[in-house]
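Trainee: Sharing structure-v9.pdb here; it has PDB, C-alpha atoms.
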MODEL        1
ATOM      1  CA  MET A   1      19.579 -56.214  20.637  1.00  0.00           C
ATOM      2  CA  GLY A   2      17.825 -58.121  17.859  1.00  0.00           C
ATOM      3  CA  SER A   3      14.448 -56.656  18.667  1.00  0.00           C
ATOM      4  CA  LEU A   4      15.862 -53.128  18.800  1.00  0.00           C
ATOM      5  CA  LEU A   5      17.545 -53.603  15.423  1.00  0.00           C
ATOM      6  CA  SER A   6      14.321 -55.081  14.032  1.00  0.00           C
ATOM      7  CA  TYR A   7      12.396 -52.082  15.357  1.00  0.00           C
ATOM      8  CA  PHE A   8      14.692 -49.663  13.509  1.00  0.00           C
ATOM      9  CA  TRP A   9      14.776 -51.811  10.364  1.00  0.00           C
ATOM     10  CA  TRP A  10      10.987 -51.841  10.107  1.00  0.00           C
ATOM     11  CA  GLY A  11      10.457 -48.285  11.338  1.00  0.00           C
ATOM     12  CA  GLY A  12       8.565 -49.635  14.341  1.00  0.00           C
ATOM     13  CA  ASP A  13       6.964 -52.903  15.332  1.00  0.00           C
ATOM     14  CA  PRO A  14       6.788 -54.952  12.085  1.00  0.00           C
ATOM     15  CA  ASP A  15       3.560 -56.606  13.227  1.00  0.00           C
ATOM     16  CA  GLU A  16       1.790 -53.432  14.309  1.00  0.00           C
ATOM     17  CA  VAL A  17      -1.338 -53.082  12.185  1.00  0.00           C
ATOM     18  CA  SER A  18      -2.254 -49.742  10.640  1.00  0.00           C
ATOM     19  CA  PRO A  19      -5.705 -48.679  11.814  1.00  0.00           C
ATOM     20  CA  VAL A  20      -6.302 -47.152   8.370  1.00  0.00           C
ATOM     21  CA  SER A  21      -5.261 -49.987   6.043  1.00  0.00           C
ATOM     22  CA  GLY A  22      -5.522 -52.995   8.361  1.00  0.00           C
ATOM     23  CA  LEU A  23      -2.054 -54.125   7.226  1.00  0.00           C
ATOM     24  CA  SER A  24       1.118 -54.532   9.242  1.00  0.00           C
ATOM     25  CA  ARG A  25       4.489 -53.153   8.146  1.00  0.00           C
ATOM     26  CA  ARG A  26       5.524 -56.726   7.390  1.00  0.00           C
ATOM     27  CA  GLU A  27       2.490 -57.226   5.120  1.00  0.00           C
ATOM     28  CA  VAL A  28       3.180 -53.957   3.300  1.00  0.00           C
ATOM     29  CA  TYR A  29       6.747 -55.134   2.718  1.00  0.00           C
ATOM     30  CA  VAL A  30       5.486 -58.468   1.331  1.00  0.00           C
ATOM     31  CA  ILE A  31       3.107 -56.616  -0.999  1.00  0.00           C
ATOM     32  CA  GLN A  32       5.834 -54.317  -2.263  1.00  0.00           C
ATOM     33  CA  LYS A  33       8.340 -57.138  -2.709  1.00  0.00           C
ATOM     34  CA  SER A  34       5.878 -59.397  -4.564  1.00  0.00           C
ATOM     35  CA  TRP A  35       4.716 -56.526  -6.791  1.00  0.00           C
ATOM     36  CA  ALA A  36       8.210 -55.612  -8.041  1.00  0.00           C
ATOM     37  CA  PRO A  37       8.500 -58.428 -10.641  1.00  0.00           C
ATOM     38  CA  VAL A  38       4.978 -57.714 -11.910  1.00  0.00           C
ATOM     39  CA  ASN A  39       5.745 -54.032 -12.330  1.00  0.00           C
ATOM     40  CA  ALA A  40       9.053 -54.778 -14.050  1.00  0.00           C
ATOM     41  CA  ASN A  41       7.063 -55.746 -17.150  1.00  0.00           C
ATOM     42  CA  MET A  42       3.955 -53.675 -16.573  1.00  0.00           C
ATOM     43  CA  VAL A  43       2.552 -53.545 -20.107  1.00  0.00           C
ATOM     44  CA  ALA A  44       2.803 -57.289 -20.733  1.00  0.00           C
ATOM     45  CA  ASN A  45       1.464 -58.190 -17.279  1.00  0.00           C
ATOM     46  CA  GLY A  46      -1.317 -55.608 -17.432  1.00  0.00           C
ATOM     47  CA  SER A  47      -2.315 -56.810 -20.898  1.00  0.00           C
ATOM     48  CA  GLU A  48      -2.371 -60.396 -19.635  1.00  0.00           C
ATOM     49  CA  LEU A  49      -4.569 -59.314 -16.738  1.00  0.00           C
ATOM     50  CA  PHE A  50      -7.094 -57.746 -19.119  1.00  0.00           C
ATOM     51  CA  ARG A  51      -6.902 -60.744 -21.478  1.00  0.00           C
ATOM     52  CA  ARG A  52      -7.788 -63.013 -18.557  1.00  0.00           C
ATOM     53  CA  LEU A  53     -10.530 -60.645 -17.399  1.00  0.00           C
ATOM     54  CA  PHE A  54     -12.127 -60.553 -20.853  1.00  0.00           C
ATOM     55  CA  SER A  55     -11.933 -64.318 -21.305  1.00  0.00           C
ATOM     56  CA  THR A  56     -13.335 -65.042 -17.821  1.00  0.00           C
ATOM     57  CA  PHE A  57     -15.937 -62.251 -17.830  1.00  0.00           C
ATOM     58  CA  PRO A  58     -16.548 -61.377 -21.524  1.00  0.00           C
ATOM     59  CA  GLN A  59     -19.191 -58.752 -20.672  1.00  0.00           C
ATOM     60  CA  THR A  60     -16.489 -56.551 -19.095  1.00  0.00           C
ATOM     61  CA  LYS A  61     -15.039 -55.870 -22.529  1.00  0.00           C
ATOM     62  CA  ASP A  62     -18.206 -53.856 -23.292  1.00  0.00           C
ATOM     63  CA  TYR A  63     -16.942 -51.099 -20.955  1.00  0.00           C
ATOM     64  CA  PHE A  64     -14.054 -50.448 -23.320  1.00  0.00           C
ATOM     65  CA  LYS A  65     -15.550 -48.687 -26.356  1.00  0.00           C
ATOM     66  CA  MET A  66     -12.206 -48.538 -28.140  1.00  0.00           C
ATOM     67  CA  ILE A  67     -11.912 -52.352 -28.274  1.00  0.00           C
ATOM     68  CA  LYS A  68     -15.465 -53.570 -27.765  1.00  0.00           C
ATOM     69  CA  ASN A  69     -15.734 -55.204 -31.195  1.00  0.00           C
ATOM     70  CA  GLN A  70     -12.086 -56.104 -31.679  1.00  0.00           C
ATOM     71  CA  THR A  71     -10.360 -59.442 -31.459  1.00  0.00           C
ATOM     72  CA  GLU A  72      -7.648 -60.045 -28.887  1.00  0.00           C
ATOM     73  CA  GLU A  73      -5.000 -59.549 -31.554  1.00  0.00           C
ATOM     74  CA  GLN A  74      -6.552 -56.228 -32.587  1.00  0.00           C
ATOM     75  CA  TYR A  75      -7.077 -54.807 -29.113  1.00  0.00           C
ATOM     76  CA  SER A  76      -3.601 -55.803 -27.966  1.00  0.00           C
ATOM     77  CA  GLN A  77      -2.266 -53.376 -30.596  1.00  0.00           C
ATOM     78  CA  ASN A  78      -4.768 -50.590 -29.858  1.00  0.00           C
ATOM     79  CA  PRO A  79      -2.926 -47.493 -28.506  1.00  0.00           C
ATOM     80  CA  GLN A  80      -5.901 -46.348 -26.397  1.00  0.00           C
ATOM     81  CA  PHE A  81      -6.153 -49.775 -24.815  1.00  0.00           C
ATOM     82  CA  LYS A  82      -2.403 -49.877 -24.127  1.00  0.00           C
ATOM     83  CA  ALA A  83      -2.720 -46.449 -22.498  1.00  0.00           C
ATOM     84  CA  HIS A  84      -5.459 -47.813 -20.217  1.00  0.00           C
ATOM     85  CA  VAL A  85      -3.266 -50.787 -19.325  1.00  0.00           C
ATOM     86  CA  ILE A  86      -0.431 -48.407 -18.425  1.00  0.00           C
ATOM     87  CA  ASN A  87      -2.809 -46.217 -16.385  1.00  0.00           C
ATOM     88  CA  LEU A  88      -4.044 -49.236 -14.404  1.00  0.00           C
ATOM     89  CA  MET A  89      -0.580 -50.617 -13.760  1.00  0.00           C
ATOM     90  CA  THR A  90       0.813 -47.194 -12.842  1.00  0.00           C
ATOM     91  CA  SER A  91      -2.054 -46.635 -10.403  1.00  0.00           C
ATOM     92  CA  ILE A  92      -1.473 -50.009  -8.770  1.00  0.00           C
ATOM     93  CA  ASN A  93       2.269 -49.336  -8.613  1.00  0.00           C
ATOM     94  CA  LEU A  94       1.710 -45.964  -6.965  1.00  0.00           C
ATOM     95  CA  ALA A  95      -0.716 -47.474  -4.461  1.00  0.00           C
ATOM     96  CA  VAL A  96       1.681 -50.323  -3.652  1.00  0.00           C
ATOM     97  CA  ASN A  97       4.651 -48.000  -3.235  1.00  0.00           C
ATOM     98  CA  THR A  98       2.757 -45.638  -0.920  1.00  0.00           C
ATOM     99  CA  MET A  99       1.059 -48.263   1.262  1.00  0.00           C
ATOM    100  CA  ASN A 100       3.114 -46.950   4.187  1.00  0.00           C
ATOM    101  CA  GLN A 101       0.945 -43.821   3.841  1.00  0.00           C
ATOM    102  CA  PRO A 102      -2.517 -45.400   3.781  1.00  0.00           C
ATOM    103  CA  GLU A 103      -4.342 -42.061   4.009  1.00  0.00           C
ATOM    104  CA  LEU A 104      -2.847 -41.117   0.631  1.00  0.00           C
ATOM    105  CA  VAL A 105      -3.797 -44.458  -0.861  1.00  0.00           C
ATOM    106  CA  ALA A 106      -7.360 -44.073   0.435  1.00  0.00           C
ATOM    107  CA  ALA A 107      -7.622 -40.672  -1.274  1.00  0.00           C
ATOM    108  CA  MET A 108      -6.245 -42.137  -4.518  1.00  0.00           C
ATOM    109  CA  MET A 109      -8.805 -44.941  -4.394  1.00  0.00           C
ATOM    110  CA  ASN A 110     -11.616 -42.437  -3.816  1.00  0.00           C
ATOM    111  CA  LYS A 111     -10.541 -40.709  -7.045  1.00  0.00           C
ATOM    112  CA  ILE A 112     -10.581 -44.027  -8.900  1.00  0.00           C
ATOM    113  CA  GLY A 113     -14.090 -44.665  -7.565  1.00  0.00           C
ATOM    114  CA  GLU A 114     -15.232 -41.276  -8.829  1.00  0.00           C
ATOM    115  CA  SER A 115     -13.810 -41.774 -12.305  1.00  0.00           C
ATOM    116  CA  HIS A 116     -15.261 -45.278 -12.620  1.00  0.00           C
ATOM    117  CA  HIS A 117     -18.653 -44.099 -11.333  1.00  0.00           C
ATOM    118  CA  ARG A 118     -18.824 -41.703 -14.286  1.00  0.00           C
ATOM    119  CA  ARG A 119     -18.235 -44.689 -16.582  1.00  0.00           C
ATOM    120  CA  ARG A 120     -20.979 -46.689 -14.830  1.00  0.00           C
ATOM    121  CA  ILE A 121     -18.613 -49.417 -13.628  1.00  0.00           C
ATOM    122  CA  LYS A 122     -20.208 -51.537 -10.902  1.00  0.00           C
ATOM    123  CA  GLU A 123     -18.833 -53.044  -7.693  1.00  0.00           C
ATOM    124  CA  GLN A 124     -19.323 -56.461  -9.266  1.00  0.00           C
ATOM    125  CA  ASN A 125     -16.842 -55.563 -12.015  1.00  0.00           C
ATOM    126  CA  PHE A 126     -14.197 -54.811  -9.399  1.00  0.00           C
ATOM    127  CA  HIS A 127     -14.896 -58.120  -7.640  1.00  0.00           C
ATOM    128  CA  GLU A 128     -14.486 -59.909 -10.960  1.00  0.00           C
ATOM    129  CA  LEU A 129     -11.169 -58.146 -11.492  1.00  0.00           C
ATOM    130  CA  LYS A 130     -10.009 -59.205  -8.014  1.00  0.00           C
ATOM    131  CA  GLU A 131     -10.904 -62.812  -8.799  1.00  0.00           C
ATOM    132  CA  VAL A 132      -8.809 -62.674 -11.969  1.00  0.00           C
ATOM    133  CA  ILE A 133      -5.885 -60.970 -10.198  1.00  0.00           C
ATOM    134  CA  VAL A 134      -5.796 -63.592  -7.436  1.00  0.00           C
ATOM    135  CA  LYS A 135      -5.907 -66.440  -9.940  1.00  0.00           C
ATOM    136  CA  MET A 136      -3.166 -64.811 -12.005  1.00  0.00           C
ATOM    137  CA  PHE A 137      -0.989 -64.311  -8.913  1.00  0.00           C
ATOM    138  CA  ILE A 138      -1.415 -67.989  -8.007  1.00  0.00           C
ATOM    139  CA  ASP A 139      -0.792 -69.238 -11.555  1.00  0.00           C
ATOM    140  CA  VAL A 140       2.044 -66.952 -12.585  1.00  0.00           C
ATOM    141  CA  LEU A 141       3.783 -65.828  -9.417  1.00  0.00           C
ATOM    142  CA  LYS A 142       3.217 -68.960  -7.318  1.00  0.00           C
ATOM    143  CA  MET A 143       2.498 -66.819  -4.250  1.00  0.00           C
ATOM    144  CA  ASP A 144       2.287 -68.489  -0.871  1.00  0.00           C
ATOM    145  CA  ASP A 145      -0.763 -68.211   1.376  1.00  0.00           C
ATOM    146  CA  ALA A 146       0.725 -65.429   3.531  1.00  0.00           C
ATOM    147  CA  THR A 147       1.447 -63.263   0.474  1.00  0.00           C
ATOM    148  CA  LEU A 148      -1.968 -63.968  -1.026  1.00  0.00           C
ATOM    149  CA  GLY A 149      -3.547 -63.075   2.325  1.00  0.00           C
ATOM    150  CA  ALA A 150      -1.669 -59.773   2.409  1.00  0.00           C
ATOM    151  CA  TRP A 151      -2.769 -59.026  -1.166  1.00  0.00           C
ATOM    152  CA  SER A 152      -6.379 -59.872  -0.314  1.00  0.00           C
ATOM    153  CA  LYS A 153      -6.296 -57.437   2.618  1.00  0.00           C
ATOM    154  CA  THR A 154      -4.665 -54.808   0.413  1.00  0.00           C
ATOM    155  CA  VAL A 155      -7.264 -55.082  -2.342  1.00  0.00           C
ATOM    156  CA  ASP A 156     -10.060 -55.072   0.259  1.00  0.00           C
ATOM    157  CA  PHE A 157      -8.605 -51.833   1.667  1.00  0.00           C
ATOM    158  CA  TRP A 158      -8.414 -50.328  -1.821  1.00  0.00           C
ATOM    159  CA  TYR A 159     -11.933 -51.459  -2.715  1.00  0.00           C
ATOM    160  CA  LYS A 160     -13.397 -50.077   0.505  1.00  0.00           C
ATOM    161  CA  HIS A 161     -12.292 -46.604  -0.590  1.00  0.00           C
ATOM    162  CA  ILE A 162     -13.116 -47.085  -4.267  1.00  0.00           C
ATOM    163  CA  PHE A 163     -16.644 -48.192  -3.326  1.00  0.00           C
ATOM    164  CA  GLU A 164     -17.142 -45.161  -1.063  1.00  0.00           C
ATOM    165  CA  THR A 165     -17.236 -42.939  -4.129  1.00  0.00           C
ATOM    166  CA  LEU A 166     -18.236 -45.478  -6.780  1.00  0.00           C
ATOM    167  CA  THR A 167     -21.626 -46.019  -5.177  1.00  0.00           C
ATOM    168  CA  GLN A 168     -22.399 -42.484  -4.005  1.00  0.00           C
ATOM    169  CA  PRO A 169     -25.038 -40.477  -5.827  1.00  0.00           C
ATOM    170  CA  GLU A 170     -23.609 -37.674  -7.961  1.00  0.00           C
ATOM    171  CA  GLY A 171     -24.400 -34.740  -5.645  1.00  0.00           C
ATOM    172  CA  THR A 172     -23.006 -36.277  -2.434  1.00  0.00           C
ATOM    173  CA  ARG A 173     -19.305 -36.485  -3.340  1.00  0.00           C
TER     174      ARG A 173
ENDMDL
END
Would you mind writing the structure in this file as structure tokens?

Mentor:
Amino acid sequence: MGSLLSYFWWGGDPDEVSPVSGLSRREVYVIQKSWAPVNANMVANGSELFRRLFSTFPQTKDYFKMIKNQTEEQYSQNPQFKAHVINLMTSINLAVNTMNQPELVAAMMNKIGESHHRRRIKEQNFHELKEVIVKMFIDVLKMDDATLGAWSKTVDFWYKHIFETLTQPEGTR
């Protein structure tokens, strides 16, 4: 009876891995559950993420014309920068909340790759961002290894589809 109830609770086998995302239903649940407190204060957490990115990889700030020559105090009050923070956090939230539909998430990530290609963002910049995110999750959220592993797989899935369009020459998209 327990396994039948579990099957209905999870919408199928909780450990069955999606061939598209590489994540199980259980891992998607862990991602969604661990994301909720981050999203609850999206502007502050997104701003902290960028603050950490800029302090760890100062050259990344050069991609943001609106704050390139501003101090942390100045850029934290910049409306254009805050809008970018909200865009990033909203995109992550949407991707997290639709991970049970990985084909949709893949299409969303392709769009992100296209838009960042136009801005000449490199794969390396995304890897730097991932490094900062993981460190922030460890420091702030005290995530366990299983949750961090699920997040690593999730970001790898996202990046696979971002990089498909980020690195393609203009005429091949």

Trainee: Distance CA of Ser21 in chain A-CA of Lys33 in chain A, one decimal place?

Mentor: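 Going from CA of Ser21 in chain A over to CA of Lys33 in chain A, I get 17.7 Å.
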
Trainee: Can you pull out the residues contacting Val134 in chain A? Cut-off 12 Å, using all atoms listed in the file, and skip same-chain residues under 6 positions away; I want them as a list of chain:residue names.

Mentor: A:Leu49, A:Arg52, A:Leu53, A:His127, A:Glu128, A:Val140, A:Leu141, A:Lys142, A:Met143, A:Asp144, A:Asp145, A:Thr147, A:Leu148, A:Gly149, A:Ala150, A:Trp151, A:Ser152, A:Lys153, A:Thr154, A:Val155

Trainee: How would you write, as a list of chain:residue names, the residues chosen by the PyMOL selection byres ((chain A and resi 107-116) around 9) on this structure?

Mentor: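 Checked against the file, the PyMOL selection byres ((chain A and resi 107-116) around 9) matches A:Ser91, A:Ala95, A:Pro102, A:Glu103, A:Leu104, A:Val105, A:Ala106, A:His117, A:Arg118, A:Arg119, A:Arg120, A:Ile121, A:Lys122, A:Trp158, A:Tyr159, A:Lys160, A:His161, A:Ile162, A:Phe163, A:Glu164, A:Thr165, A:Leu166, A:Thr167, A:Gln168, A:Arg173.
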
Trainee: Counting all atoms listed in the file, which residue out of A:Val28, A:Asn69, A:Gly22, A:Phe64 sits closest to Phe50 in chain A?

Mentor: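 The answer is A:Phe64, which sits nearest to Phe50 in chain A.
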
Trainee: Pick out the closest residue to Lys130 in chain A from this set: A:Phe57, A:Met42, A:Gln77, A:Ser47. Count only C-alpha atoms.

Mentor: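 Counting only C-alpha atoms, the residue closest to Lys130 in chain A is A:Phe57.
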
Trainee: Could you tell me which of A:Ile138, A:Val96, A:Ala83, A:Ile133 comes closest to Tyr29 in chain A if we count all atoms listed in the file?

Mentor: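 Of A:Ile138, A:Val96, A:Ala83, A:Ile133, the one nearest Tyr29 in chain A is A:Val96, counting all atoms listed in the file.
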
Trainee: Calculated over all atoms listed in the file, which of the candidates A:Arg51, A:Gln124, A:Met136, A:Val43 has the smallest distance to His84 in chain A?

Mentor: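 Checking each of A:Arg51, A:Gln124, A:Met136, A:Val43 against His84 in chain A, counting all atoms listed in the file, the winner is A:Val43.
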
Trainee: For CA of Pro37 in chain A and CA of Asp139 in chain A, determine how far apart the two atoms are, in Å to one decimal place.

Mentor: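 About the pair CA of Pro37 in chain A and CA of Asp139 in chain A: they are 14.3 Å apart.
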
Trainee: Quick one, how far is CA of Thr71 in chain A from CA of Glu131 in chain A?

Mentor: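 Here the two named atoms are 22.9 Å from each other.
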
Trainee: Applied to this file, what does the PyMOL selection byres ((chain A and resi 15) around 8) return in terms of residues, put as a list of chain:residue names?

Mentor: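 Applied to this file, the PyMOL selection byres ((chain A and resi 15) around 8) returns A:Asp13, A:Pro14, A:Glu16, A:Val17, A:Ser24, A:Arg25, A:Arg26.
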
Trainee: For Trp35 in chain A, which of A:Asn78, A:Phe126, A:Leu94, A:Gln70 is the closest residue, counting all atoms listed in the file?

Mentor: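 Comparing A:Asn78, A:Phe126, A:Leu94, A:Gln70 against Trp35 in chain A, the winner is A:Leu94.
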
Trainee: Can you list, as a VMD selection string, every protein, DNA or RNA residue that comes within 9 Å of Gln80 in chain A when you count only C-alpha atoms, leaving out same-chain residues fewer than 5 positions away?

Mentor: chain A and resid 66 to 67 75 85
